[in-house]
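Q: The structure file upload.txt (compact mmCIF, C-alpha atoms) is provided below.
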```txt
# COMPACT_ATOMS: atom_id res chain seq x y z
CA MET A 1 0.00 0.00 0.00
CA LEU A 2 2.69 2.46 1.00
CA THR A 3 5.68 2.08 -1.26
CA SER A 4 8.59 4.38 -0.62
CA LEU A 5 9.61 6.68 -3.47
CA TYR A 6 13.19 5.43 -3.16
CA VAL A 7 14.55 3.71 -6.25
CA GLU A 8 17.30 1.11 -6.13
CA GLY A 9 20.47 2.21 -7.86
CA ASP A 10 24.11 3.16 -7.55
CA THR A 11 24.32 6.66 -8.95
CA PHE A 12 26.51 9.45 -7.60
CA LEU A 13 23.53 10.81 -5.64
CA HIS A 14 22.81 7.39 -4.13
CA ARG A 15 26.28 7.33 -2.64
CA GLN A 16 26.07 10.75 -0.95
CA ARG A 17 25.06 11.16 2.69
CA PRO A 18 21.42 12.22 3.21
CA GLY A 19 22.51 15.24 5.25
CA ALA A 20 24.71 16.45 2.39
CA LYS A 21 21.87 16.03 -0.09
CA LEU A 22 19.43 17.96 2.10
CA ALA A 23 22.04 20.70 2.51
CA LEU A 24 22.42 20.78 -1.28
CA ILE A 25 18.69 21.42 -1.77
CA LEU A 26 18.81 24.16 0.85
CA VAL A 27 21.87 25.89 -0.63
CA VAL A 28 20.69 25.64 -4.23
CA GLY A 29 17.20 26.76 -3.22
CA LEU A 30 18.50 29.80 -1.34
CA ALA A 31 20.90 30.70 -4.14
CA LEU A 32 18.15 30.56 -6.75
CA TYR A 33 15.83 32.70 -4.66
CA VAL A 34 18.51 35.37 -4.34
CA THR A 35 19.02 35.83 -8.06
CA GLU A 36 16.55 37.07 -10.67
CA SER A 37 18.76 36.14 -13.60
CA LEU A 38 16.90 34.18 -16.25
CA THR A 39 20.10 32.50 -17.46
CA VAL A 40 20.99 31.20 -14.00
CA GLN A 41 17.49 29.81 -13.45
CA ALA A 42 17.41 28.19 -16.88
CA VAL A 43 20.81 26.53 -16.42
CA ALA A 44 19.80 25.32 -12.93
CA ALA A 45 16.50 23.94 -14.20
CA VAL A 46 18.17 22.08 -17.05
CA ILE A 47 20.86 20.60 -14.78
CA ALA A 48 18.31 19.58 -12.12
CA ALA A 49 16.05 17.99 -14.74
CA ALA A 50 19.05 16.18 -16.23
CA ILE A 51 19.99 14.81 -12.80
CA TYR A 52 16.43 13.69 -12.07
CA PHE A 53 15.81 12.05 -15.44
CA SER A 54 19.19 10.33 -15.45
CA LEU A 55 18.23 8.34 -12.37
CA PRO A 56 17.20 4.73 -12.95
CA ILE A 57 13.46 5.53 -12.94
CA PRO A 58 11.38 4.67 -16.02
CA PHE A 59 10.51 7.95 -17.79
CA ARG A 60 6.74 7.54 -17.38
CA GLU A 61 7.08 6.83 -13.67
CA ALA A 62 9.41 9.81 -13.29
CA ILE A 63 6.81 12.10 -14.88
CA TYR A 64 3.90 10.49 -13.03
CA ARG A 65 5.54 11.20 -9.66
CA LEU A 66 5.85 14.90 -10.32
CA LYS A 67 2.64 15.39 -12.28
CA PRO A 68 0.65 17.19 -9.54
CA VAL A 69 3.53 19.53 -8.65
CA LEU A 70 4.40 20.22 -12.29
CA PHE A 71 0.73 20.90 -13.04
CA THR A 72 0.51 23.47 -10.22
CA ILE A 73 3.74 25.14 -11.32
CA ALA A 74 2.49 25.31 -14.92
CA VAL A 75 -0.88 26.78 -13.94
CA LEU A 76 0.70 29.41 -11.70
CA GLY A 77 3.27 30.18 -14.39
CA LEU A 78 0.54 30.77 -16.98
CA ILE A 79 -1.39 33.00 -14.58
CA ASN A 80 1.76 34.98 -13.85
CA ILE A 81 2.43 35.65 -17.55
CA TRP A 82 -0.80 37.59 -17.47
CA LEU A 83 -0.46 39.08 -13.95
CA LEU A 84 3.22 40.03 -14.07
CA SER A 85 5.30 39.75 -17.21
CA PRO A 86 6.43 36.80 -19.34
CA HIS A 87 9.99 37.38 -18.11
CA GLU A 88 9.11 37.30 -14.40
CA ALA A 89 6.80 34.33 -14.90
CA LEU A 90 9.57 32.41 -16.65
CA VAL A 91 12.12 33.19 -13.91
CA SER A 92 9.89 31.96 -11.07
CA THR A 93 8.70 28.92 -13.04
CA LEU A 94 12.25 27.82 -13.93
CA ARG A 95 13.35 28.38 -10.32
CA LEU A 96 10.55 26.20 -8.99
CA LEU A 97 11.26 23.52 -11.60
CA ALA A 98 14.94 23.44 -10.64
CA VAL A 99 14.23 23.08 -6.93
CA VAL A 100 11.45 20.53 -7.43
CA PHE A 101 13.52 18.32 -9.78
CA LEU A 102 16.45 18.44 -7.38
CA ALA A 103 14.23 17.59 -4.40
CA ALA A 104 12.63 14.71 -6.31
CA ALA A 105 16.09 13.40 -7.18
CA VAL A 106 17.11 13.42 -3.51
CA THR A 107 13.90 11.64 -2.50
CA ALA A 108 14.45 8.96 -5.15
CA THR A 109 18.04 8.30 -4.07
CA THR A 110 17.73 8.24 -0.28
CA ARG A 111 16.50 5.31 1.76
CA ILE A 112 13.99 5.80 4.58
CA ALA A 113 16.43 4.28 7.05
CA ASP A 114 19.13 6.78 6.01
CA PHE A 115 16.72 9.67 6.34
CA MET A 116 15.75 8.46 9.81
CA GLU A 117 19.38 8.26 10.85
CA THR A 118 19.90 11.86 9.74
CA ILE A 119 16.74 12.98 11.51
CA THR A 120 17.82 11.27 14.73
CA TRP A 121 21.16 13.05 14.44
CA ALA A 122 19.50 16.39 13.72
CA LEU A 123 17.22 16.00 16.73
CA GLN A 124 20.09 15.61 19.17
CA PRO A 125 20.20 19.27 20.23
CA ALA A 126 16.42 19.19 20.82
CA GLU A 127 16.86 16.00 22.80
CA LYS A 128 19.49 17.60 25.03
CA LEU A 129 17.09 20.44 25.73
CA GLY A 130 14.42 17.89 26.63
CA ILE A 131 12.02 19.01 23.89
CA VAL A 132 11.67 15.75 22.03
CA ARG A 133 13.25 12.33 22.18
CA ALA A 134 14.57 11.06 18.86
CA ALA A 135 13.58 7.51 19.81
CA ASP A 136 9.99 8.67 20.29
CA VAL A 137 9.91 10.00 16.73
CA GLY A 138 11.00 6.61 15.44
CA LEU A 139 8.45 4.92 17.68
CA ALA A 140 5.62 7.17 16.45
CA LEU A 141 6.60 6.55 12.83
CA GLY A 142 6.62 2.81 13.41
CA LEU A 143 3.20 3.02 15.05
CA VAL A 144 1.71 4.87 12.06
CA LEU A 145 2.93 2.23 9.64
CA ARG A 146 1.80 -0.55 11.97
CA PHE A 147 -1.74 0.78 12.43
CA LEU A 148 -2.53 2.09 8.94
CA PRO A 149 -3.90 -1.27 7.76
CA ASP A 150 -6.01 -1.51 10.93
CA ILE A 151 -7.64 1.83 10.21
CA PHE A 152 -8.44 0.77 6.65
CA ALA A 153 -9.96 -2.39 8.17
CA HIS A 154 -12.08 -0.25 10.53
CA TYR A 155 -13.23 1.74 7.51
CA GLU A 156 -14.20 -1.38 5.56
CA GLY A 157 -15.97 -2.71 8.67
CA LEU A 158 -18.04 0.48 8.91
CA LYS A 159 -18.95 0.13 5.24
CA HIS A 160 -20.13 -3.43 5.79
CA ALA A 161 -22.04 -2.44 8.93
CA HIS A 162 -23.93 0.15 6.88
CA ALA A 163 -24.61 -2.36 4.11
CA ALA A 164 -25.88 -4.94 6.60
CA ARG A 165 -28.42 -2.40 7.87
CA GLY A 166 -29.39 -1.29 4.38
CA ILE A 167 -28.15 2.29 4.97
CA ALA A 168 -26.36 4.24 2.25
CA PHE A 169 -22.68 4.64 3.22
CA ARG A 170 -21.29 8.17 3.14
CA PRO A 171 -17.52 8.16 3.72
CA LEU A 172 -17.46 11.53 5.47
CA ARG A 173 -20.40 10.64 7.74
CA ALA A 174 -18.40 7.70 9.01
CA LEU A 175 -15.58 9.95 10.26
CA GLY A 176 -16.79 10.14 13.87
CA PRO A 177 -17.16 6.37 14.28
CA LEU A 178 -13.89 5.76 12.42
CA ILE A 179 -11.97 8.08 14.72
CA ILE A 180 -13.54 6.64 17.88
CA LEU A 181 -12.85 3.06 16.72
CA THR A 182 -9.21 3.97 16.05
CA LEU A 183 -8.39 6.10 19.08
CA LYS A 184 -10.06 3.90 21.68
CA ASP A 185 -7.23 1.40 21.17
CA ALA A 186 -4.76 4.05 22.33
CA ASP A 187 -4.79 3.00 25.99
CA ALA A 188 -4.17 -0.65 25.20
CA ILE A 189 -1.35 0.20 22.77
CA ALA A 190 0.27 2.62 25.23
CA ASP A 191 0.06 0.01 28.01
CA ALA A 192 1.63 -2.59 25.72
CA ILE A 193 4.50 -0.24 24.89
CA ASP A 194 5.12 0.59 28.55
CA ALA A 195 4.81 -3.04 29.66
CA ARG A 196 7.65 -3.91 27.29
CA GLY A 197 9.74 -1.01 28.52
CA ILE A 198 10.26 0.19 24.94
CA ARG A 199 10.66 3.83 25.90
CA GLY A 200 13.13 2.96 28.66
CA ARG A 201 13.31 5.12 31.71
CA MET B 202 4.46 13.65 26.21
CA THR B 203 3.29 10.44 27.82
CA THR B 204 3.29 7.15 25.95
CA LYS B 205 -0.44 7.54 25.41
CA ASP B 206 0.08 10.97 23.86
CA ILE B 207 2.62 9.51 21.43
CA VAL B 208 0.19 6.73 20.54
CA LEU B 209 -2.65 9.22 20.00
CA VAL B 210 -0.40 11.37 17.80
CA ALA B 211 0.63 8.34 15.74
CA LEU B 212 -2.92 7.02 15.39
CA PHE B 213 -4.16 10.42 14.33
CA ALA B 214 -1.36 10.78 11.80
CA ALA B 215 -2.48 7.40 10.43
CA ILE B 216 -6.08 8.68 10.22
CA ILE B 217 -4.83 11.73 8.28
CA VAL B 218 -3.08 9.39 5.83
CA VAL B 219 -6.25 7.30 5.45
CA LEU B 220 -8.25 10.49 4.75
CA GLY B 221 -5.97 11.04 1.77
CA PHE B 222 -7.02 7.72 0.30
CA LEU B 223 -10.76 8.38 0.51
CA PRO B 224 -12.26 9.23 -2.88
CA PRO B 225 -12.42 13.02 -3.36
CA ILE B 226 -15.92 14.45 -3.35
CA THR B 227 -17.04 16.91 -5.98
CA ILE B 228 -19.94 19.16 -5.23
CA PRO B 229 -22.16 19.86 -8.24
CA LEU B 230 -22.12 23.66 -7.88
CA ILE B 231 -18.36 24.00 -7.56
CA ALA B 232 -17.29 20.98 -9.58
CA ALA B 233 -13.96 22.53 -10.50
CA VAL B 234 -12.55 22.11 -7.02
CA PRO B 235 -12.59 18.53 -5.75
CA ILE B 236 -12.82 18.26 -1.98
CA THR B 237 -10.22 15.98 -0.51
CA ALA B 238 -10.81 14.79 2.99
CA GLN B 239 -7.14 15.14 3.96
CA SER B 240 -7.06 18.88 4.65
CA MET B 241 -10.07 18.36 6.92
CA GLY B 242 -7.65 16.49 9.16
CA VAL B 243 -6.30 19.86 10.37
CA MET B 244 -9.68 20.71 11.86
CA LEU B 245 -10.26 17.18 13.14
CA ALA B 246 -6.84 16.90 14.77
CA GLY B 247 -7.15 20.21 16.61
CA CYS B 248 -10.73 19.61 17.74
CA ILE B 249 -10.24 16.00 18.80
CA ILE B 250 -6.76 15.59 20.28
CA GLY B 251 -6.02 19.26 20.98
CA ALA B 252 -3.36 21.80 20.06
CA ARG B 253 -0.05 20.14 20.90
CA ARG B 254 -0.92 16.59 19.92
CA GLY B 255 -2.78 17.76 16.80
CA ALA B 256 0.20 19.77 15.61
CA ALA B 257 2.52 16.86 16.43
CA ALA B 258 0.37 14.52 14.31
CA TYR B 259 0.90 16.84 11.33
CA VAL B 260 4.63 17.12 11.99
CA LEU B 261 4.69 13.34 11.82
CA VAL B 262 2.77 13.32 8.52
CA ILE B 263 5.16 15.88 7.03
CA LEU B 264 8.09 13.82 8.27
CA MET B 265 6.67 10.84 6.39
CA VAL B 266 6.34 12.97 3.26
CA ALA B 267 9.93 14.18 3.66
CA ILE B 268 11.43 10.71 3.94
CA GLY B 269 9.71 9.65 0.72
CA LEU B 270 6.41 8.06 1.69
CA PRO B 271 3.54 9.01 -0.65
CA VAL B 272 1.07 9.72 2.13
CA LEU B 273 -0.56 12.87 0.79
CA SER B 274 -3.86 12.75 -1.10
CA GLY B 275 -3.50 11.45 -4.62
CA GLY B 276 -0.41 9.46 -3.62
CA ARG B 277 1.82 12.53 -3.48
CA GLY B 278 4.95 12.56 -1.38
CA GLY B 279 8.66 13.24 -1.31
CA LEU B 280 10.68 16.40 -0.87
CA SER B 281 9.44 17.84 -4.17
CA VAL B 282 6.00 18.44 -2.64
CA LEU B 283 7.63 20.23 0.28
CA MET B 284 9.62 22.47 -2.10
CA GLY B 285 6.79 23.23 -4.55
CA PRO B 286 4.62 26.35 -4.70
CA THR B 287 1.92 24.82 -2.46
CA ALA B 288 4.33 23.83 0.32
CA GLY B 289 3.07 26.74 2.43
CA TYR B 290 -0.29 25.06 2.85
CA ILE B 291 1.42 21.93 4.11
CA ALA B 292 3.46 23.90 6.65
CA GLY B 293 0.25 25.74 7.51
CA TRP B 294 -1.37 22.44 8.52
CA VAL B 295 0.87 22.21 11.58
CA PHE B 296 0.06 25.73 12.78
CA GLY B 297 -3.57 25.37 11.70
CA ALA B 298 -4.03 22.24 13.78
CA PHE B 299 -2.36 24.00 16.73
CA VAL B 300 -4.61 27.07 16.54
CA THR B 301 -7.72 24.92 15.99
CA GLY B 302 -6.74 22.99 19.12
CA LEU B 303 -6.10 26.13 21.18
CA ILE B 304 -9.53 27.54 20.36
CA ALA B 305 -11.33 24.22 20.81
CA GLU B 306 -9.61 23.59 24.17
CA ARG B 307 -10.74 26.98 25.44
CA MET B 308 -14.23 27.08 24.02
CA VAL B 309 -15.50 23.53 24.31
CA ARG B 310 -16.14 21.82 27.62
CA ASP B 311 -17.94 18.70 28.72
CA GLY B 312 -21.41 19.42 30.06
CA GLN B 313 -21.92 22.57 27.97
CA PRO B 314 -25.10 22.82 25.91
CA GLU B 315 -24.63 20.96 22.62
CA VAL B 316 -25.08 24.11 20.56
CA ARG B 317 -22.13 25.79 22.27
CA GLN B 318 -19.93 22.80 21.59
CA TYR B 319 -20.91 22.81 17.92
CA LEU B 320 -20.23 26.54 17.71
CA GLY B 321 -16.86 26.21 19.45
CA PHE B 322 -15.67 23.44 17.13
CA PHE B 323 -16.95 25.30 14.07
CA LEU B 324 -15.19 28.54 14.99
CA ALA B 325 -11.98 26.66 15.82
CA SER B 326 -12.13 24.84 12.46
CA ILE B 327 -12.72 28.03 10.49
CA VAL B 328 -9.94 30.02 12.17
CA GLY B 329 -7.35 27.23 12.43
CA GLY B 330 -8.26 25.10 9.44
CA ILE B 331 -8.96 27.90 6.98
CA VAL B 332 -7.54 31.29 8.07
CA VAL B 333 -4.23 30.03 9.46
CA VAL B 334 -3.66 27.46 6.69
CA TYR B 335 -4.45 30.02 3.97
CA ALA B 336 -2.16 32.60 5.59
CA PHE B 337 0.84 30.28 5.36
CA GLY B 338 -0.21 28.89 1.98
CA ILE B 339 -0.70 32.25 0.31
CA ALA B 340 2.45 33.74 1.85
CA TRP B 341 4.66 31.02 0.35
CA LEU B 342 2.74 30.95 -2.92
CA CYS B 343 3.34 34.68 -3.39
CA PHE B 344 6.97 34.43 -2.36
CA SER B 345 7.81 31.42 -4.52
CA THR B 346 5.93 32.40 -7.69
CA GLY B 347 5.86 36.19 -7.41
CA THR B 348 2.08 36.26 -7.78
CA PRO B 349 0.69 39.49 -6.25
CA PHE B 350 -0.87 38.90 -2.83
CA ALA B 351 -4.30 40.30 -3.70
CA LYS B 352 -4.61 38.06 -6.76
CA ALA B 353 -3.51 34.98 -4.85
CA LEU B 354 -6.06 35.79 -2.16
CA ILE B 355 -8.83 36.07 -4.74
CA GLY B 356 -7.76 32.82 -6.38
CA ASN B 357 -7.90 31.11 -2.99
CA MET B 358 -11.52 32.13 -2.56
CA ALA B 359 -12.49 29.31 -4.93
CA PHE B 360 -11.59 26.89 -2.14
CA VAL B 361 -13.56 28.61 0.60
CA PRO B 362 -16.97 26.99 -0.03
CA GLY B 363 -15.42 23.51 0.04
CA ASP B 364 -13.45 24.32 3.15
CA VAL B 365 -16.51 25.67 4.96
CA ILE B 366 -18.28 22.39 4.19
CA LYS B 367 -15.26 20.60 5.63
CA ALA B 368 -15.51 22.72 8.76
CA VAL B 369 -19.14 21.65 9.15
CA LEU B 370 -18.27 17.98 8.69
CA ALA B 371 -15.30 18.26 11.06
CA THR B 372 -17.53 19.94 13.65
CA LEU B 373 -20.06 17.09 13.44
CA ALA B 374 -17.34 14.46 13.72
CA ALA B 375 -15.51 16.25 16.56
CA ARG B 376 -18.71 16.60 18.55
CA ALA B 377 -19.51 12.89 17.95
CA VAL B 378 -16.08 11.94 19.27
CA LEU B 379 -16.42 14.32 22.24
CA ALA B 380 -19.67 12.59 23.16
CA GLY B 381 -18.42 9.08 22.50
CA TYR B 382 -14.79 9.12 23.58
CA PRO B 383 -13.55 12.51 24.79
CA MET B 384 -9.82 13.20 24.52
CA LEU B 385 -9.73 16.96 24.21
CA PRO B 386 -9.90 17.62 27.99
CA SER B 387 -6.73 15.58 28.63
CA ARG B 388 -4.42 18.10 26.99
CA ALA B 389 -0.87 17.06 26.28
```
Written as structure tokens, how would this file's structure read?

A:
Amino acid sequence: MLTSLYVEGDTFLHRQRPGAKLALILVVGLALYVTESLTVQAVAAVIAAAIYFSLPIPFREAIYRLKPVLFTIAVLGLINIWLLSPHEALVSTLRLLAVVFLAAAVTATTRIADFMETITWALQPAEKLGIVRAADVGLALGLVLRFLPDIFAHYEGLKHAHAARGIAFRPLRALGPLIILTLKDADAIADAIDARGIRGR
Amino acid sequence: MTTKDIVLVALFAAIIVVLGFLPPITIPLIAAVPITAQSMGVMLAGCIIGARRGAAAYVLVILMVAIGLPVLSGGRGGLSVLMGPTAGYIAGWVFGAFVTGLIAERMVRDGQPEVRQYLGFFLASIVGGIVVVYAFGIAWLCFSTGTPFAKALIGNMAFVPGDVIKAVLATLAARAVLAGYPMLPSRA
């Protein structure tokens, strides 16, 4: 159901550390927002697109992944031609394309586990201050993935319960029951976690 | 946060993900804008598990998006979504859920007349789920694309009817949960 957007491969980007790749997006993004030069944006967009499309992702899949974002950028770009000027519209559109292609390339070349390691590392200062525990973030993430199928099962159950009573099922009407069904397990799950001493002390 | 708070945050984040998989609803009058259930999660999270836990649930969802899980409606995910022109709305979800929760926690109490509870949840959903989310969304949209603020604001108005309907639905659901299994009073 939930397949990560990571693609197997051994490209240059695959071999870089996740922290370095995130820093790259940040630096490139900031640099592109500082300049209004059309040439710089165009070169950046072409390079970023080249990086993204050179990854071992089938072309159709590569386009499919970015379709919603590209659609939004295109629509806003067209509106801006009319609201601002063709030049300004082109600059902001190319800038967005560059950043989005680069970000998509990083997503496709970084494993979830590697991201998590980086996040745990980045959370260390917050952990020292007692704001959040990195282990808790990992725990919460694991819980989401563990209970997603259960919530879909609750949803299907509600559908069947409606059918059995001959009532038309309206997904949004079922929200209240769905949320109650899901959250009332919270005590039992929390007790199970504490009984196993997972969060330590 | 206690273990139960973490579990509630995780379960709610999972509900938000499930909302993204529900078929979008189009309303005959405003067919151009499909209503996805996912952005309703902002209102639901704030009204049902409160400010801090509601915001945390959205941080968790965004974290999942960032590490490459396609958990947003329509199977979207990855860093590209967080860098695109609509990223402001996604960031706005966190603050929107927080503000929704703050208002709901202050306005809605057990034992109040039902009408007051409905009104409290509705107001919280409108302010947190619409005003706050739009503020962040439009700010980033204008910054990243250069679109003039007034025009972006007008363009956003197309989404208001759908979002008001969401606020109504979220209010009904939040009140049902408050009656059936209240969690809002036990603030994190």

Q: Find the spatial neighbours of Leu175 in chain A, counting only C-alpha atoms, within a cut-off of 8 Å - ignore same-chain residues fewer than 4 positions away - and output them as a PyMOL selection string.

A: (chain A and resi 171+179) or (chain B and resi 374)

Q: CA of Val43 in chain A and CA of Phe101 in chain A, how far apart in Å?

A: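 Between CA of Phe101 in chain A and CA of Val43 in chain A the gap works out to 12.8 Å.
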
Q: Give the residues of chain B that lie within 9 Å of chain A; count all atoms listed in the file, and format the answer as a PyMOL selection string.

A: chain B and resi 202-216+218-219+223-224+238+261-262+264-265+267-272+275-287+345-349+352+370-371+373-378+381-382

Q: Atoms to include: C-alpha atoms. Write the selected residues as an mmCIF file, in the coordinates of the input.

A:
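The file below, part-v8.cif, is the result:
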```
data_model
loop_
_atom_site.group_PDB
_atom_site.id
_atom_site.type_symbol
_atom_site.label_atom_id
_atom_site.label_comp_id
_atom_site.auth_asym_id
_atom_site.auth_seq_id
_atom_site.Cartn_x
_atom_site.Cartn_y
_atom_site.Cartn_z
ATOM 1 C CA MET B 202 4.460 13.650 26.210
ATOM 2 C CA THR B 203 3.290 10.440 27.820
ATOM 3 C CA THR B 204 3.290 7.150 25.950
ATOM 4 C CA LYS B 205 -0.440 7.540 25.410
ATOM 5 C CA ASP B 206 0.080 10.970 23.860
ATOM 6 C CA ILE B 207 2.620 9.510 21.430
ATOM 7 C CA VAL B 208 0.190 6.730 20.540
ATOM 8 C CA LEU B 209 -2.650 9.220 20.000
ATOM 9 C CA VAL B 210 -0.400 11.370 17.800
ATOM 10 C CA ALA B 211 0.630 8.340 15.740
ATOM 11 C CA LEU B 212 -2.920 7.020 15.390
ATOM 12 C CA PHE B 213 -4.160 10.420 14.330
ATOM 13 C CA ALA B 214 -1.360 10.780 11.800
ATOM 14 C CA ALA B 215 -2.480 7.400 10.430
ATOM 15 C CA ILE B 216 -6.080 8.680 10.220
ATOM 16 C CA VAL B 218 -3.080 9.390 5.830
ATOM 17 C CA VAL B 219 -6.250 7.300 5.450
ATOM 18 C CA LEU B 223 -10.760 8.380 0.510
ATOM 19 C CA PRO B 224 -12.260 9.230 -2.880
ATOM 20 C CA ALA B 238 -10.810 14.790 2.990
ATOM 21 C CA LEU B 261 4.690 13.340 11.820
ATOM 22 C CA VAL B 262 2.770 13.320 8.520
ATOM 23 C CA LEU B 264 8.090 13.820 8.270
ATOM 24 C CA MET B 265 6.670 10.840 6.390
ATOM 25 C CA ALA B 267 9.930 14.180 3.660
ATOM 26 C CA ILE B 268 11.430 10.710 3.940
ATOM 27 C CA GLY B 269 9.710 9.650 0.720
ATOM 28 C CA LEU B 270 6.410 8.060 1.690
ATOM 29 C CA PRO B 271 3.540 9.010 -0.650
ATOM 30 C CA VAL B 272 1.070 9.720 2.130
ATOM 31 C CA GLY B 275 -3.500 11.450 -4.620
ATOM 32 C CA GLY B 276 -0.410 9.460 -3.620
ATOM 33 C CA ARG B 277 1.820 12.530 -3.480
ATOM 34 C CA GLY B 278 4.950 12.560 -1.380
ATOM 35 C CA GLY B 279 8.660 13.240 -1.310
ATOM 36 C CA LEU B 280 10.680 16.400 -0.870
ATOM 37 C CA SER B 281 9.440 17.840 -4.170
ATOM 38 C CA VAL B 282 6.000 18.440 -2.640
ATOM 39 C CA LEU B 283 7.630 20.230 0.280
ATOM 40 C CA MET B 284 9.620 22.470 -2.100
ATOM 41 C CA GLY B 285 6.790 23.230 -4.550
ATOM 42 C CA PRO B 286 4.620 26.350 -4.700
ATOM 43 C CA THR B 287 1.920 24.820 -2.460
ATOM 44 C CA SER B 345 7.810 31.420 -4.520
ATOM 45 C CA THR B 346 5.930 32.400 -7.690
ATOM 46 C CA GLY B 347 5.860 36.190 -7.410
ATOM 47 C CA THR B 348 2.080 36.260 -7.780
ATOM 48 C CA PRO B 349 0.690 39.490 -6.250
ATOM 49 C CA LYS B 352 -4.610 38.060 -6.760
ATOM 50 C CA LEU B 370 -18.270 17.980 8.690
ATOM 51 C CA ALA B 371 -15.300 18.260 11.060
ATOM 52 C CA LEU B 373 -20.060 17.090 13.440
ATOM 53 C CA ALA B 374 -17.340 14.460 13.720
ATOM 54 C CA ALA B 375 -15.510 16.250 16.560
ATOM 55 C CA ARG B 376 -18.710 16.600 18.550
ATOM 56 C CA ALA B 377 -19.510 12.890 17.950
ATOM 57 C CA VAL B 378 -16.080 11.940 19.270
ATOM 58 C CA GLY B 381 -18.420 9.080 22.500
ATOM 59 C CA TYR B 382 -14.790 9.120 23.580
#
```

Q: Quick one: distance from CA of Ala163 in chain A to CA of Phe222 in chain B in Å, one decimal?

A: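 A separation of 20.6 Å between them.
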
Q: Find the spatial neighbours of range 353-358 of chain B, counting all atoms listed in the file, within a cut-off of 10 Å - ignore same-chain residues fewer than 4 positions away - and output them as a ChimeraX atom specification.

A: /A:76 /B:335-336,338-340,342-343,347-349,362-364

Q: How far is it from CA of Phe360 in chain B to CA of Val295 in chain B, in Å with one decimal?

A: 19.1 Å

Q: Could you add whatever atoms are missing so that range 110-121 of chain A carries N, CA and C atoms, then write the result as a compact mmCIF listing (two decimals), in the frame of the given file?

A:
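What follows is the written file rebuild-v6.txt:
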```txt
# COMPACT_ATOMS: atom_id res chain seq x y z
N THR A 110 17.43 8.36 -1.70
CA THR A 110 17.73 8.24 -0.28
C THR A 110 16.77 7.27 0.40
N ARG A 111 17.33 6.28 1.06
CA ARG A 111 16.50 5.31 1.76
C ARG A 111 15.85 5.90 3.00
N ILE A 112 14.68 5.34 3.38
CA ILE A 112 13.99 5.80 4.58
C ILE A 112 14.90 5.66 5.81
N ALA A 113 15.58 4.53 5.89
CA ALA A 113 16.43 4.28 7.05
C ALA A 113 17.52 5.35 7.16
N ASP A 114 18.07 5.76 6.00
CA ASP A 114 19.13 6.78 6.01
C ASP A 114 18.58 8.14 6.42
N PHE A 115 17.38 8.43 5.92
CA PHE A 115 16.72 9.67 6.34
C PHE A 115 16.53 9.67 7.85
N MET A 116 16.05 8.55 8.38
CA MET A 116 15.75 8.46 9.81
C MET A 116 17.02 8.67 10.64
N GLU A 117 18.12 8.11 10.14
CA GLU A 117 19.38 8.26 10.85
C GLU A 117 19.76 9.75 10.93
N THR A 118 19.59 10.43 9.78
CA THR A 118 19.90 11.86 9.74
C THR A 118 18.98 12.65 10.66
N ILE A 119 17.70 12.27 10.66
CA ILE A 119 16.74 12.98 11.51
C ILE A 119 17.09 12.78 12.99
N THR A 120 17.42 11.56 13.35
CA THR A 120 17.82 11.27 14.73
C THR A 120 19.01 12.12 15.13
N TRP A 121 19.97 12.24 14.18
CA TRP A 121 21.16 13.05 14.44
C TRP A 121 20.78 14.52 14.60
```
